[in-house]
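S.K.: Handing over upload_16.cif, mmCIF, C-alpha atoms.
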```cif
data_coords
loop_
_atom_site.label_atom_id
_atom_site.label_comp_id
_atom_site.auth_asym_id
_atom_site.auth_seq_id
_atom_site.Cartn_x
_atom_site.Cartn_y
_atom_site.Cartn_z
CA MET A 131 -13.24 38.01 76.59
CA LYS A 132 -10.26 39.98 77.87
CA LYS A 133 -7.52 40.26 75.26
CA ARG A 134 -3.83 39.77 75.98
CA ILE A 135 -1.61 42.78 75.33
CA THR A 136 0.01 41.01 72.37
CA GLN A 137 -3.47 40.56 70.83
CA LYS A 138 -4.11 44.29 71.14
CA PHE A 139 -0.62 45.20 69.91
CA PRO A 140 0.64 42.35 67.63
CA PHE A 141 3.95 44.13 66.96
CA LEU A 142 4.92 43.37 70.59
CA LEU A 143 4.69 39.60 70.05
CA PRO A 144 8.31 39.02 68.87
CA LEU A 145 9.59 40.98 71.88
CA ARG A 146 7.39 38.96 74.24
CA GLN A 147 8.64 35.71 72.69
CA LYS A 148 12.28 36.78 73.13
CA GLN A 149 11.56 37.69 76.76
CA LYS A 150 9.96 34.30 77.45
CA GLN A 151 12.86 32.44 75.83
CA PHE A 152 15.41 34.41 77.88
CA CYS A 153 13.61 33.53 81.13
CA PHE A 154 13.15 29.92 79.99
CA TYR A 155 16.86 29.30 79.45
CA MET A 156 17.97 31.40 82.42
CA LYS A 157 15.83 29.19 84.66
CA MET A 158 17.65 26.11 83.32
CA LYS A 159 21.01 27.70 84.13
CA MET A 160 19.95 28.18 87.73
CA ASP A 161 17.93 25.02 88.46
CA GLY A 162 20.88 22.90 89.62
CA ASN A 163 20.50 20.22 86.93
CA GLN A 164 23.42 18.89 84.92
CA TYR A 165 22.13 18.88 81.35
CA ALA A 166 23.34 16.28 78.86
CA CYS A 167 25.36 17.92 76.09
CA ASN A 168 28.18 15.51 75.17
CA ARG A 169 28.03 13.47 71.96
CA ASP A 170 30.11 10.46 70.97
CA GLU A 171 29.85 8.89 67.52
CA HIS A 172 31.21 5.63 68.91
CA ARG A 173 28.01 3.73 69.57
CA LEU A 174 27.49 2.19 73.00
CA PRO A 175 27.34 -1.64 72.80
CA TYR A 176 23.84 -2.53 74.02
CA LEU A 177 20.51 -1.67 72.40
CA CYS A 178 17.81 -0.95 75.00
CA ALA A 179 14.94 0.28 72.81
CA SER A 180 14.09 1.21 69.23
CA ILE A 181 11.14 3.08 67.74
CA LYS A 182 10.31 3.95 64.14
CA THR A 183 7.62 6.23 62.75
CA PRO A 184 6.70 7.09 59.15
CA MET A 185 8.17 10.40 58.01
CA TYR A 186 5.22 11.45 55.88
CA ASN A 187 1.56 11.84 56.77
CA TYR A 188 -0.64 11.61 53.65
CA GLU A 189 -3.87 12.44 55.54
CA THR A 190 -3.30 16.14 56.34
CA GLY A 191 -5.22 17.63 53.41
CA PHE A 192 -2.42 20.18 52.90
CA ASP A 193 0.07 20.54 50.06
CA PHE A 194 2.60 17.70 50.32
CA LYS A 195 5.47 20.22 50.23
CA TYR A 196 4.81 20.85 53.93
CA GLN A 197 5.54 17.19 54.67
CA GLU A 198 8.81 17.44 52.74
CA ASN A 199 9.65 20.64 54.63
CA LYS A 200 8.84 18.92 57.92
CA VAL A 201 11.33 16.15 57.16
CA PHE A 202 13.96 18.79 56.38
CA ASN A 203 13.24 20.41 59.75
CA LEU A 204 13.39 17.07 61.57
CA LYS A 205 16.78 16.21 60.09
CA LEU A 206 18.12 19.63 61.11
CA ALA A 207 16.79 19.32 64.68
CA ALA A 208 18.07 15.76 65.03
CA LEU A 209 21.71 16.73 64.44
CA PRO A 210 22.49 17.95 68.01
CA ILE A 211 20.57 15.00 69.51
CA ASN A 212 22.11 12.18 67.47
CA TRP A 213 24.78 10.27 69.45
CA LEU A 214 24.01 12.26 72.61
CA LEU A 215 25.18 10.64 75.86
CA ILE A 216 22.92 10.83 78.93
CA ARG A 217 25.19 9.97 81.82
CA PRO A 218 24.14 9.08 85.40
CA GLY A 219 22.72 12.15 87.12
CA GLU A 220 22.27 14.09 83.87
CA THR A 221 19.03 15.55 82.55
CA PHE A 222 17.95 15.53 78.91
CA SER A 223 16.24 18.70 77.67
CA PHE A 224 14.90 18.87 74.11
CA TRP A 225 15.25 22.63 73.82
CA LYS A 226 18.62 22.81 75.56
CA LEU A 227 19.92 20.84 72.57
CA VAL A 228 17.70 22.00 69.69
CA HIS A 229 17.35 25.70 70.52
CA GLN A 230 19.99 26.81 68.01
CA ALA A 231 19.80 23.93 65.52
CA ASP A 232 18.74 26.46 62.86
CA LYS A 233 21.50 28.97 63.61
CA PHE A 234 23.30 28.44 60.29
CA ILE A 235 20.60 26.75 58.17
CA SER A 236 17.03 28.03 58.50
CA TYR A 237 14.00 25.84 59.08
CA LYS A 238 11.34 25.62 56.37
CA GLU A 239 7.57 25.95 56.66
CA GLY A 240 5.95 22.84 58.10
CA LEU A 241 2.57 22.23 59.68
CA THR A 242 1.88 23.15 63.29
CA VAL A 243 -1.19 23.63 65.47
CA VAL A 244 -1.88 27.15 66.78
CA ASN A 245 -5.01 27.86 68.83
CA GLY A 246 -6.54 24.59 67.66
CA GLU A 247 -5.90 25.28 63.96
CA THR A 248 -3.38 23.46 61.76
CA ILE A 249 -1.35 26.06 59.84
CA PRO A 250 2.02 26.27 58.02
CA ALA A 251 4.78 27.84 60.11
CA VAL A 252 8.57 28.05 59.94
CA GLY A 253 9.98 25.15 61.96
CA GLY A 254 6.70 23.25 61.96
CA GLY A 255 6.67 19.50 62.51
CA LEU A 256 9.34 19.18 65.22
CA CYS A 257 6.85 17.49 67.55
CA GLN A 258 7.31 14.31 65.54
CA LEU A 259 10.87 14.17 66.86
CA SER A 260 9.86 14.87 70.46
CA ASN A 261 7.12 12.21 70.17
CA LEU A 262 9.65 9.63 69.03
CA LEU A 263 12.13 10.53 71.77
CA PHE A 264 9.44 10.35 74.45
CA GLN A 265 8.46 6.86 73.31
CA LEU A 266 12.10 5.78 73.56
CA PHE A 267 12.35 7.22 77.07
CA LEU A 268 9.22 5.38 78.18
CA HIS A 269 10.94 2.12 77.20
CA SER A 270 13.83 2.81 79.58
CA PRO A 271 14.50 3.48 83.28
CA LEU A 272 14.86 7.21 82.61
CA THR A 273 12.61 9.38 84.82
CA ILE A 274 10.12 11.76 83.20
CA VAL A 275 10.71 15.30 84.49
CA GLU A 276 8.60 17.32 82.05
CA ARG A 277 6.17 16.20 79.38
CA LYS A 278 2.98 17.69 78.01
CA GLY A 279 0.68 15.94 75.57
CA HIS A 280 -0.94 17.65 72.61
CA ARG A 281 -4.20 19.35 73.52
CA ILE A 282 -5.79 18.32 70.21
CA LYS A 283 -5.20 15.10 68.26
CA GLU A 284 -5.69 16.15 64.64
CA PHE A 285 -5.15 12.72 63.09
CA PRO A 286 -5.56 9.11 64.29
CA GLU A 287 -2.69 6.75 65.08
CA LEU A 288 -1.19 5.18 61.98
CA SER A 289 -2.40 1.71 63.02
CA GLY A 290 -5.19 0.53 65.26
CA ASP A 291 -2.88 -1.24 67.69
CA CYS A 292 -0.72 1.83 68.41
CA VAL A 293 -0.50 2.92 72.03
CA LYS A 294 -2.44 6.13 72.58
CA GLY A 295 -1.43 9.15 74.65
CA ILE A 296 2.35 8.79 74.40
CA ASP A 297 3.09 11.99 72.49
CA ALA A 298 5.05 15.01 73.74
CA THR A 299 4.44 18.49 72.37
CA ILE A 300 7.17 21.13 72.53
CA ALA A 301 7.32 24.93 72.12
CA ASP A 302 10.57 26.89 72.35
CA GLY A 303 10.61 29.01 75.50
CA TRP A 304 7.38 27.49 76.76
CA ILE A 305 7.04 23.68 76.73
CA ASP A 306 9.98 21.25 77.00
CA LEU A 307 10.56 17.51 77.08
CA LYS A 308 12.86 16.53 79.95
CA VAL A 309 13.97 13.22 81.47
CA LYS A 310 16.57 12.51 84.15
CA ASN A 311 18.97 9.59 84.37
CA ASN A 312 18.66 8.39 87.96
CA SER A 313 20.25 5.04 87.09
CA GLU A 314 23.89 3.94 87.10
CA GLN A 315 23.88 3.33 83.33
CA THR A 316 24.95 5.68 80.57
CA PHE A 317 22.50 5.97 77.68
CA GLN A 318 23.01 7.16 74.13
CA LEU A 319 20.53 8.35 71.50
CA GLY A 320 20.69 7.46 67.82
CA ILE A 321 18.46 9.00 65.14
CA TYR A 322 18.46 7.59 61.60
CA PHE A 323 16.35 8.56 58.57
CA ASP A 324 15.71 6.01 55.83
CA ASP A 325 13.52 6.50 52.76
CA THR A 326 10.21 6.25 54.64
CA ASN A 327 10.81 6.25 58.41
CA ILE A 328 12.49 8.06 61.27
CA ASN A 329 14.28 5.46 63.37
CA GLY A 330 15.14 6.15 66.99
CA TYR A 331 17.51 4.05 69.09
CA LEU A 332 18.48 4.09 72.75
CA TYR A 333 21.78 2.40 73.55
CA SER A 334 23.50 1.69 76.88
CA ASN A 335 26.95 0.89 78.21
CA GLU A 336 25.46 -2.08 80.11
CA GLU A 337 23.25 -4.95 79.07
CA CYS A 338 19.62 -4.13 79.83
CA LYS A 339 18.30 -6.78 82.22
CA ILE A 340 14.75 -5.39 82.10
CA ARG A 341 12.63 -4.57 79.09
CA TYR A 342 9.66 -2.25 79.24
CA GLU A 343 6.28 -2.56 77.58
CA ILE A 344 3.78 0.33 77.36
CA GLU A 345 0.06 -0.33 77.20
CA ASN A 346 -3.27 1.49 77.47
CA ARG A 347 -6.02 0.86 79.98
CA ASN A 348 -9.43 2.39 80.57
CA LEU A 349 -9.75 4.09 77.15
CA ARG A 350 -12.95 6.13 76.86
CA TYR A 351 -14.48 8.93 74.79
CA TYR A 352 -17.04 11.50 75.86
CA LYS A 353 -18.55 14.79 74.78
CA GLU A 354 -17.53 18.06 76.42
CA ASN A 355 -18.70 21.48 75.15
CA ASP A 356 -19.52 20.04 71.71
CA THR A 357 -16.08 18.44 71.37
CA THR A 358 -15.05 14.80 71.65
CA VAL A 359 -12.51 14.08 74.38
CA GLU A 360 -10.27 11.02 74.62
CA LYS A 361 -9.03 9.83 78.02
CA VAL A 362 -6.70 6.90 78.48
CA GLU A 363 -4.36 5.53 81.12
CA VAL A 364 -0.74 4.77 80.21
CA TRP A 365 0.84 1.83 82.07
CA LYS A 366 4.38 0.47 82.07
CA LYS A 367 5.32 -3.19 82.47
CA PHE A 368 8.74 -4.23 83.80
CA ILE A 369 9.74 -7.60 82.33
CA GLN A 370 12.85 -9.65 83.09
CA ASN A 371 14.77 -10.02 79.84
CA ASP A 372 16.17 -13.53 80.30
CA SER A 373 13.08 -15.25 81.72
CA GLY A 374 10.26 -13.08 80.38
CA LYS A 375 8.85 -12.86 83.92
CA LEU A 376 6.67 -9.86 84.75
CA ILE A 377 8.33 -8.04 87.65
CA LYS A 378 5.79 -5.27 88.17
CA GLU A 379 3.32 -2.92 86.51
CA GLU A 380 3.34 0.83 87.04
CA PHE A 381 0.75 3.53 86.30
CA VAL A 382 2.57 6.33 84.46
CA TYR A 383 -0.11 8.98 83.82
CA GLU A 384 -3.59 9.59 82.42
CA ASN A 385 -3.65 11.37 79.07
CA GLN A 386 -6.47 13.60 77.89
CA CYS A 387 -6.90 15.29 74.52
CA VAL A 388 -9.58 16.63 72.19
CA ILE A 389 -10.25 14.55 69.08
CA GLY A 390 -10.00 16.73 65.97
CA TYR A 391 -11.13 14.15 63.40
CA ASP A 392 -14.21 12.00 62.71
CA LEU A 393 -14.03 8.98 65.03
CA GLU A 394 -16.66 7.03 63.09
CA LYS A 395 -14.59 7.29 59.90
CA TYR A 396 -11.87 5.31 61.69
CA GLY A 397 -14.10 2.65 63.21
CA VAL A 398 -15.03 4.15 66.58
CA ASN A 399 -18.83 4.18 66.56
CA THR A 400 -19.85 4.92 70.12
CA LEU A 401 -18.96 7.34 72.89
CA ILE A 402 -18.42 5.73 76.29
#
```
Rewrite the structure from the file as structure tokens, please.
M.R.:
Amino acid sequence: MKKRITQKFPFLLPLRQKQKQFCFYMKMKMDGNQYACNRDEHRLPYLCASIKTPMYNYETGFDFKYQENKVFNLKLAALPINWLLIRPGETFSFWKLVHQADKFISYKEGLTVVNGETIPAVGGGLCQLSNLLFQLFLHSPLTIVERKGHRIKEFPELSGDCVKGIDATIADGWIDLKVKNNSEQTFQLGIYFDDTNINGYLYSNEECKIRYEIENRNLRYYKENDTTVEKVEVWKKFIQNDSGKLIKEEFVYENQCVIGYDLEKYGVNTLI
């Protein structure tokens, strides 16, 4: 297998990373988008969606200090996102906001996946924040511009009825989470940490006449090169708030990932 130059000369890796980040952010300056950057601690009046996820994962097999460090990292990264306004015509970019969240206070070592292996790394765990934000965005009229799912799912969903395939991985200078506000409403993000959960809220300046439900269809598992692959369709339902009437259903995307845990241990006994 042909090696990359940074594999042959590891000391070049930091320089290569800096180069990629420079190009990454320069491209955003020149792409013609108006990126959301204004925050207002006065909460907008209408709640459009809310999502909560447990802060700690007790199934990793690693020292629990990495979970505590992850929560520290999440709280640091959430600061520039909390109370953010996404006005009509504006685009939300995760890294546009979070890129320098650690400028004055450094991240700690959390868990991250590199080349299919879960390892401790400074700044690890931020994907839990991008996952939560992406779920909020799916429950809104915001348009997905950029989203990439995790290549490997290391752990199962926390409950059997969770919707699958609605995660969003991020990597500074490489992979972003972006949505655009093509509506006439202004939206606002709220992030709140209690003792056990991260709570995400999406507010609006107008009452939301439609609510959105996300569901899976055509879930299947199969073997590929000695690995187990999960494929599932993600669909979005548009429901009238006052009457509960289904307006339409929309196919969003098909998600594919490698399963990195024992399916049978969690009640999945057969491959389709």
S.K.: Would you translate the PyMOL selection byres ((chain A and resi 364-376) around 7) into the concrete set of residues it matches in this file, as a list in words?
M.R.: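 When the PyMOL selection byres ((chain A and resi 364-376) around 7) is applied to the shown file, the picked residues are Lys339, Ile340, Arg341, Tyr342, Glu343, Ile344, Glu345, Asn346, Arg347, Val362, Glu363, Ile377, Lys378, Glu379, Glu380, Phe381, Val382, Tyr383 and Glu384 of chain A.
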S.K.: Please report as a Markdown table every residue of region 295-325 of chain A lying within 10 Å of region 235-258 of chain A, along with the nearest atom pair and their distance in Å (one decimal), using all atoms listed in the file.
M.R.:
```
| residue | atom | partner | partner_atom | distance |
| --- | --- | --- | --- | --- |
| A:Asp297 | CA | A:Cys257 | CA | 8.3 |
| A:Ala298 | CA | A:Cys257 | CA | 6.9 |
| A:Thr299 | CA | A:Cys257 | CA | 5.5 |
| A:Ile300 | CA | A:Cys257 | CA | 6.2 |
| A:Ala301 | CA | A:Cys257 | CA | 8.7 |
```
S.K.: Report as a list in words all protein, DNA and RNA residues lying within 9 Å of Asn329 (chain A), evaluated on all atoms listed in the file, omitting residues in the same chain fewer than 3 positions from it.
M.R.: Ser180, Ile181, Lys182, Thr183, Pro184, Leu262, Gly320, Ile321, Tyr322, Phe323 and Asp324 of chain A
S.K.: Residues at most 7 Å from Leu332 (chain A), counting only C-alpha atoms, excluding those fewer than 3 positions away in the same chain, as a list in words?
M.R.: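 Here the answer would be Leu177, Cys178, Ala179, Ser180, Leu266, Phe317, Gln318, Leu319 and Gly320 of chain A.
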S.K.: To one decimal in Å, tell me the separation between CA of Tyr186 (chain A) and CA of Leu214 (chain A).
M.R.: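 Computed distance, CA of Tyr186 (chain A) to CA of Leu214 (chain A), equals 25.2 Å.
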S.K.: CA of Pro286 (chain A) and CA of Gln265 (chain A), how far apart in Å?
M.R.: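 Answer for the CA of Gln265 (chain A) to CA of Pro286 (chain A) separation: 16.8 Å.
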S.K.: Under the rule that all atoms listed in the file are counted, which of A:Leu227, A:Ile282, A:Ile328, A:Ile296 is the nearest residue to Ile389 (chain A)?
M.R.: A:Ile282
S.K.: Restricting the calculation to only C-alpha atoms: of A:Phe285, A:Trp225, A:Phe194, A:Phe264, which residue gets closest to Gln151 (chain A)?
M.R.: A:Trp225
S.K.: What is the distance, in Å and to one decimal place, between CA of Lys361 (chain A) and CA of Cys387 (chain A)?
M.R.: 6.8 Å
S.K.: Pick from A:Asn327, A:His229, A:Pro210, A:Lys283: nearest to Asp392 (chain A), with only C-alpha atoms counted?
M.R.: A:Lys283
S.K.: Of the candidates A:Tyr331, A:Arg281, A:Tyr196, A:Gln147, which one gets nearest to Trp213 (chain A) if we count all atoms listed in the file?
M.R.: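 Nearest to Trp213 (chain A): A:Tyr331.
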S.K.: Using only C-alpha atoms, pick whichever of A:Asp161, A:Glu287, A:Glu276, A:Asp232 has the shortest atom-to-atom distance to Phe202 (chain A).
M.R.: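 Answer, going by the shortest atom-to-atom distance: A:Asp232.
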S.K.: Glu220 (chain A): which residues within 9 Å, counting only C-alpha atoms, same-chain residues fewer than 5 positions away excluded, as a PyMOL selection string?
M.R.: chain A and resi 163-166+309-312
S.K.: Keeping only C-alpha atoms, write the selected residues as a PDB file, keeping the file's coordinate frame.
M.R.:
```
ATOM      1  CA  ASN A 163      20.500  20.220  86.930  1.00  0.00           C
ATOM      2  CA  GLN A 164      23.420  18.890  84.920  1.00  0.00           C
ATOM      3  CA  TYR A 165      22.130  18.880  81.350  1.00  0.00           C
ATOM      4  CA  ALA A 166      23.340  16.280  78.860  1.00  0.00           C
ATOM      5  CA  VAL A 309      13.970  13.220  81.470  1.00  0.00           C
ATOM      6  CA  LYS A 310      16.570  12.510  84.150  1.00  0.00           C
ATOM      7  CA  ASN A 311      18.970   9.590  84.370  1.00  0.00           C
ATOM      8  CA  ASN A 312      18.660   8.390  87.960  1.00  0.00           C
TER       9      ASN A 312
END
```
S.K.: Restricting the calculation to all atoms listed in the file: of A:Leu393, A:Val388, A:Leu206, A:Ile274, which residue gets closest to Glu360 (chain A)?
M.R.: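 Among the listed residues, the smallest separation from Glu360 (chain A) belongs to A:Val388.
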S.K.: Identify all residues satisfying the PyMOL selection byres ((chain A and resi 335) around 9) in the given file; provide them as number ranges by chain.
M.R.: A: 174-176, 315-318, 333-334, 336-337
S.K.: Please write the residues from the selection above to a file, keeping C-alpha atoms, as a PDB file, in the coordinates of the input.
M.R.:
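And here's out32.pdb as it stands now:
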```pdb
ATOM      1  CA  LEU A 174      27.490   2.190  73.000  1.00  0.00           C
ATOM      2  CA  PRO A 175      27.340  -1.640  72.800  1.00  0.00           C
ATOM      3  CA  TYR A 176      23.840  -2.530  74.020  1.00  0.00           C
ATOM      4  CA  GLN A 315      23.880   3.330  83.330  1.00  0.00           C
ATOM      5  CA  THR A 316      24.950   5.680  80.570  1.00  0.00           C
ATOM      6  CA  PHE A 317      22.500   5.970  77.680  1.00  0.00           C
ATOM      7  CA  GLN A 318      23.010   7.160  74.130  1.00  0.00           C
ATOM      8  CA  TYR A 333      21.780   2.400  73.550  1.00  0.00           C
ATOM      9  CA  SER A 334      23.500   1.690  76.880  1.00  0.00           C
ATOM     10  CA  GLU A 336      25.460  -2.080  80.110  1.00  0.00           C
ATOM     11  CA  GLU A 337      23.250  -4.950  79.070  1.00  0.00           C
TER      12      GLU A 337
END
```
S.K.: Applied to the shown file, which residues does the PyMOL selection byres ((chain A and resi 350) around 9) return, written as a tab-separated table (two decimals) with C-alpha atoms, in the coordinates of the input?
M.R.:
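As a result, expr_3.tsv now contains:
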```tsv
chain	number	residue	atom	x	y	z
A	348	ASN	CA	-9.43	2.39	80.57
A	349	LEU	CA	-9.75	4.09	77.15
A	351	TYR	CA	-14.48	8.93	74.79
A	352	TYR	CA	-17.04	11.50	75.86
A	359	VAL	CA	-12.51	14.08	74.38
A	360	GLU	CA	-10.27	11.02	74.62
A	361	LYS	CA	-9.03	9.83	78.02
A	362	VAL	CA	-6.70	6.90	78.48
A	401	LEU	CA	-18.96	7.34	72.89
A	402	ILE	CA	-18.42	5.73	76.29
```
